[in-house]
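Structure data (TSV, C-alpha atoms) from upload09.tsv:
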```
chain	number	residue	atom	x	y	z
G	6	ARG	CA	-1.05	-30.12	18.01
G	7	LYS	CA	-3.00	-31.66	15.21
G	8	SER	CA	-1.81	-33.81	12.32
G	9	ILE	CA	-2.97	-32.69	8.87
G	10	PRO	CA	-3.18	-35.13	5.93
G	11	GLY	CA	-0.84	-34.45	2.99
G	12	GLU	CA	-3.49	-33.27	0.50
G	13	SER	CA	-5.29	-30.94	2.94
G	14	PHE	CA	-5.33	-27.15	2.81
G	15	VAL	CA	-4.46	-24.88	5.68
G	16	ASN	CA	-5.95	-21.38	5.78
G	17	PHE	CA	-4.23	-18.53	7.60
G	18	ASP	CA	-6.17	-15.53	8.86
G	19	TYR	CA	-4.17	-12.30	8.82
G	20	GLY	CA	-6.48	-9.89	10.61
G	21	GLY	CA	-9.97	-11.32	10.86
G	22	ARG	CA	-12.96	-9.44	9.48
G	23	GLN	CA	-11.16	-6.10	9.24
G	24	GLY	CA	-8.15	-7.48	7.42
G	25	ILE	CA	-4.67	-6.00	7.32
G	26	ASP	CA	-3.24	-3.46	4.89
G	27	ASN	CA	-0.24	-4.31	2.70
G	28	ASN	CA	2.13	-2.18	4.81
G	29	LYS	CA	1.63	-4.49	7.79
G	30	LEU	CA	1.58	-7.66	5.66
G	31	LEU	CA	4.90	-6.75	4.07
G	32	GLY	CA	6.52	-5.56	7.28
G	33	GLU	CA	5.40	-8.40	9.54
G	34	TYR	CA	4.82	-11.35	7.21
G	35	GLY	CA	6.98	-10.60	4.16
G	36	PHE	CA	4.35	-10.58	1.40
G	37	VAL	CA	1.90	-8.27	-0.34
G	38	GLU	CA	-1.68	-9.22	-1.21
G	39	GLU	CA	-2.80	-8.09	-4.66
G	40	ASN	CA	-6.16	-6.28	-4.66
G	41	ASN	CA	-6.13	-6.28	-0.86
G	42	PRO	CA	-9.54	-4.87	0.19
G	43	SER	CA	-7.99	-3.57	3.42
G	44	ASP	CA	-5.09	-1.72	1.81
G	45	ILE	CA	-4.57	1.96	2.60
G	46	LEU	CA	-2.09	4.71	1.83
G	47	HIS	CA	-1.36	7.73	4.01
G	48	ILE	CA	-0.46	10.82	1.97
G	49	GLU	CA	0.52	14.32	3.04
G	50	VAL	CA	-1.91	17.03	2.00
G	51	GLY	CA	-0.45	20.30	3.19
G	52	GLU	CA	-0.31	20.05	6.99
G	53	ASP	CA	-2.62	17.03	7.06
G	54	ILE	CA	-2.30	13.30	6.61
G	55	VAL	CA	-5.11	11.80	4.53
G	56	THR	CA	-5.76	8.06	4.38
G	57	ILE	CA	-6.84	6.74	0.98
G	58	GLY	CA	-8.54	3.34	0.90
G	59	ARG	CA	-9.69	1.03	-1.85
G	60	HIS	CA	-11.99	2.34	-4.58
G	61	GLY	CA	-10.78	5.91	-3.99
G	62	VAL	CA	-12.39	6.29	-0.60
G	63	VAL	CA	-10.86	8.91	1.68
G	64	ARG	CA	-11.01	7.05	4.99
G	65	SER	CA	-9.70	9.72	7.32
G	66	SER	CA	-7.88	13.01	7.71
G	67	THR	CA	-6.01	14.59	10.58
G	68	ARG	CA	-8.35	17.59	10.28
G	69	SER	CA	-11.76	17.55	11.88
G	70	ASN	CA	-14.77	17.01	9.63
G	71	GLU	CA	-15.58	20.73	9.81
G	72	SER	CA	-12.39	21.74	8.02
G	73	PHE	CA	-11.86	18.71	5.80
G	74	VAL	CA	-9.22	19.16	3.13
G	75	LYS	CA	-10.41	20.28	-0.27
G	76	GLU	CA	-10.75	17.66	-2.96
G	77	LYS	CA	-8.42	19.59	-5.29
G	78	GLU	CA	-5.68	19.52	-2.62
G	79	VAL	CA	-6.14	15.76	-2.18
G	80	THR	CA	-6.08	15.18	-5.95
G	81	ASN	CA	-2.83	17.18	-6.29
G	82	ALA	CA	-1.26	15.23	-3.41
G	83	VAL	CA	-2.41	11.93	-4.96
G	84	LEU	CA	-0.81	12.86	-8.29
G	85	LYS	CA	2.47	13.78	-6.55
G	86	ALA	CA	2.48	10.56	-4.49
G	87	ARG	CA	1.78	8.52	-7.61
G	88	ALA	CA	4.66	10.17	-9.48
G	89	ARG	CA	7.05	9.48	-6.57
G	90	LEU	CA	6.01	5.82	-6.45
G	91	LEU	CA	6.57	5.46	-10.19
G	92	ALA	CA	10.02	7.09	-9.97
G	93	VAL	CA	11.50	4.85	-7.27
G	94	GLY	CA	14.63	2.98	-8.37
G	95	THR	CA	15.40	-0.62	-7.43
G	96	ALA	CA	19.19	-0.76	-7.64
G	97	THR	CA	21.66	0.40	-5.02
G	98	ALA	CA	25.30	1.37	-5.35
G	99	THR	CA	27.91	-0.04	-2.99
G	100	GLU	CA	30.77	2.04	-1.58
G	101	ASP	CA	33.09	0.77	-4.31
G	102	GLY	CA	30.65	1.82	-7.04
G	103	HIS	CA	29.18	-1.58	-7.90
G	104	ILE	CA	25.47	-1.78	-8.54
G	105	THR	CA	23.59	-4.44	-6.60
G	106	ILE	CA	20.06	-5.64	-7.06
G	107	ASP	CA	18.22	-7.85	-4.59
G	108	PHE	CA	15.68	-9.38	-6.96
G	109	ASP	CA	13.39	-10.88	-4.29
G	110	ARG	CA	13.29	-7.61	-2.39
G	111	THR	CA	12.87	-5.67	-5.62
G	112	LYS	CA	9.93	-7.84	-6.65
G	113	LEU	CA	8.21	-7.32	-3.28
G	114	ALA	CA	8.86	-3.58	-3.37
G	115	ALA	CA	7.52	-3.36	-6.93
G	116	LEU	CA	4.38	-5.26	-5.96
G	117	TRP	CA	3.88	-3.00	-2.92
G	118	ARG	CA	4.30	0.12	-5.10
G	119	ARG	CA	1.90	-1.28	-7.72
G	120	GLU	CA	-0.76	-1.82	-5.06
G	121	LYS	CA	-0.29	1.72	-3.72
G	122	ILE	CA	-0.53	3.12	-7.25
G	123	ARG	CA	-3.75	1.10	-7.65
G	124	LEU	CA	-5.19	2.91	-4.59
G	125	LEU	CA	-4.22	6.30	-6.01
G	126	ASP	CA	-5.62	5.45	-9.45
G	127	GLU	CA	-8.90	4.37	-7.86
G	128	TYR	CA	-9.10	7.75	-6.12
G	129	LEU	CA	-8.47	9.57	-9.40
G	130	GLU	CA	-11.04	7.46	-11.29
G	131	ARG	CA	-13.92	7.87	-8.85
```

If you took the structure in this file and wrote it as C-alpha cells, what would it be?
Amino acid sequence: RKSIPGESFVNFDYGGRQGIDNNKLLGEYGFVEENNPSDILHIEVGEDIVTIGRHGVVRSSTRSNESFVKEKEVTNAVLKARARLLAVGTATATEDGHITIDFDRTKLAALWRREKIRLLDEYLER
C-alpha cells in the first residue's frame, strides 16, 4: 500500500497497449469512453459476423480471406445496424402500465449507442 498526497493524480490502465472496447468497459467497469480508439462493433452480414473498428476499418470476418464479404453487403448491414441503434427506446413499462426511466442507465446506454453509431458512420464515410 502506498499513500498518495491529496492533490495527486492516479491513472488507471484498462487494457494496456491494445486497449479495451466500449462493450467491455461498460460491462465490466460501468462507463463508456468517447472516441475510444479500441472500440469495435460486430455486425451480422448474411451468415457472417464482421467486426468494424475505428475509422471504418473492417477488422475481421468469420469468412476466410478468400471469400470475404462484399463491400455492398457490409454497407447494407452497417446501414441496418445504424438504423436499429437510432431506433432504440429508453423507457420501460412496468406490469401495471407505468413508464419508468432509469436516467443513469439511459445516459450510459445512449453514450454506448452514440459511440457505435460513430463506428458505423466512419465506415460509411471512408

Using only C-alpha atoms, which of G:Ile48, G:Ala92, G:Leu129, G:Ile122 sits nearest G:Lys77?
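Closest to G:Lys77, using only C-alpha atoms: G:Leu129.
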
Computed interatomic separation between atom CA of G:Thr111 and atom CA of G:Thr99 (Å)
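Between these atoms lies a distance of 16.3 Å.
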
Could you state the separation of atom CA of G:Arg123 and atom CA of G:Glu39 in Å, given to one decimal place?
9.7 Å

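Atom CA of G:Arg87 to atom CA of G:Asp44 spans 15.5 Å [interatomic distance, one decimal].
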
Measuring atom to atom with all atoms listed in the file, identify which of G:Asp18, G:Glu12, G:Glu49, G:Glu127 is nearest to G:Ala86.
G:Glu49
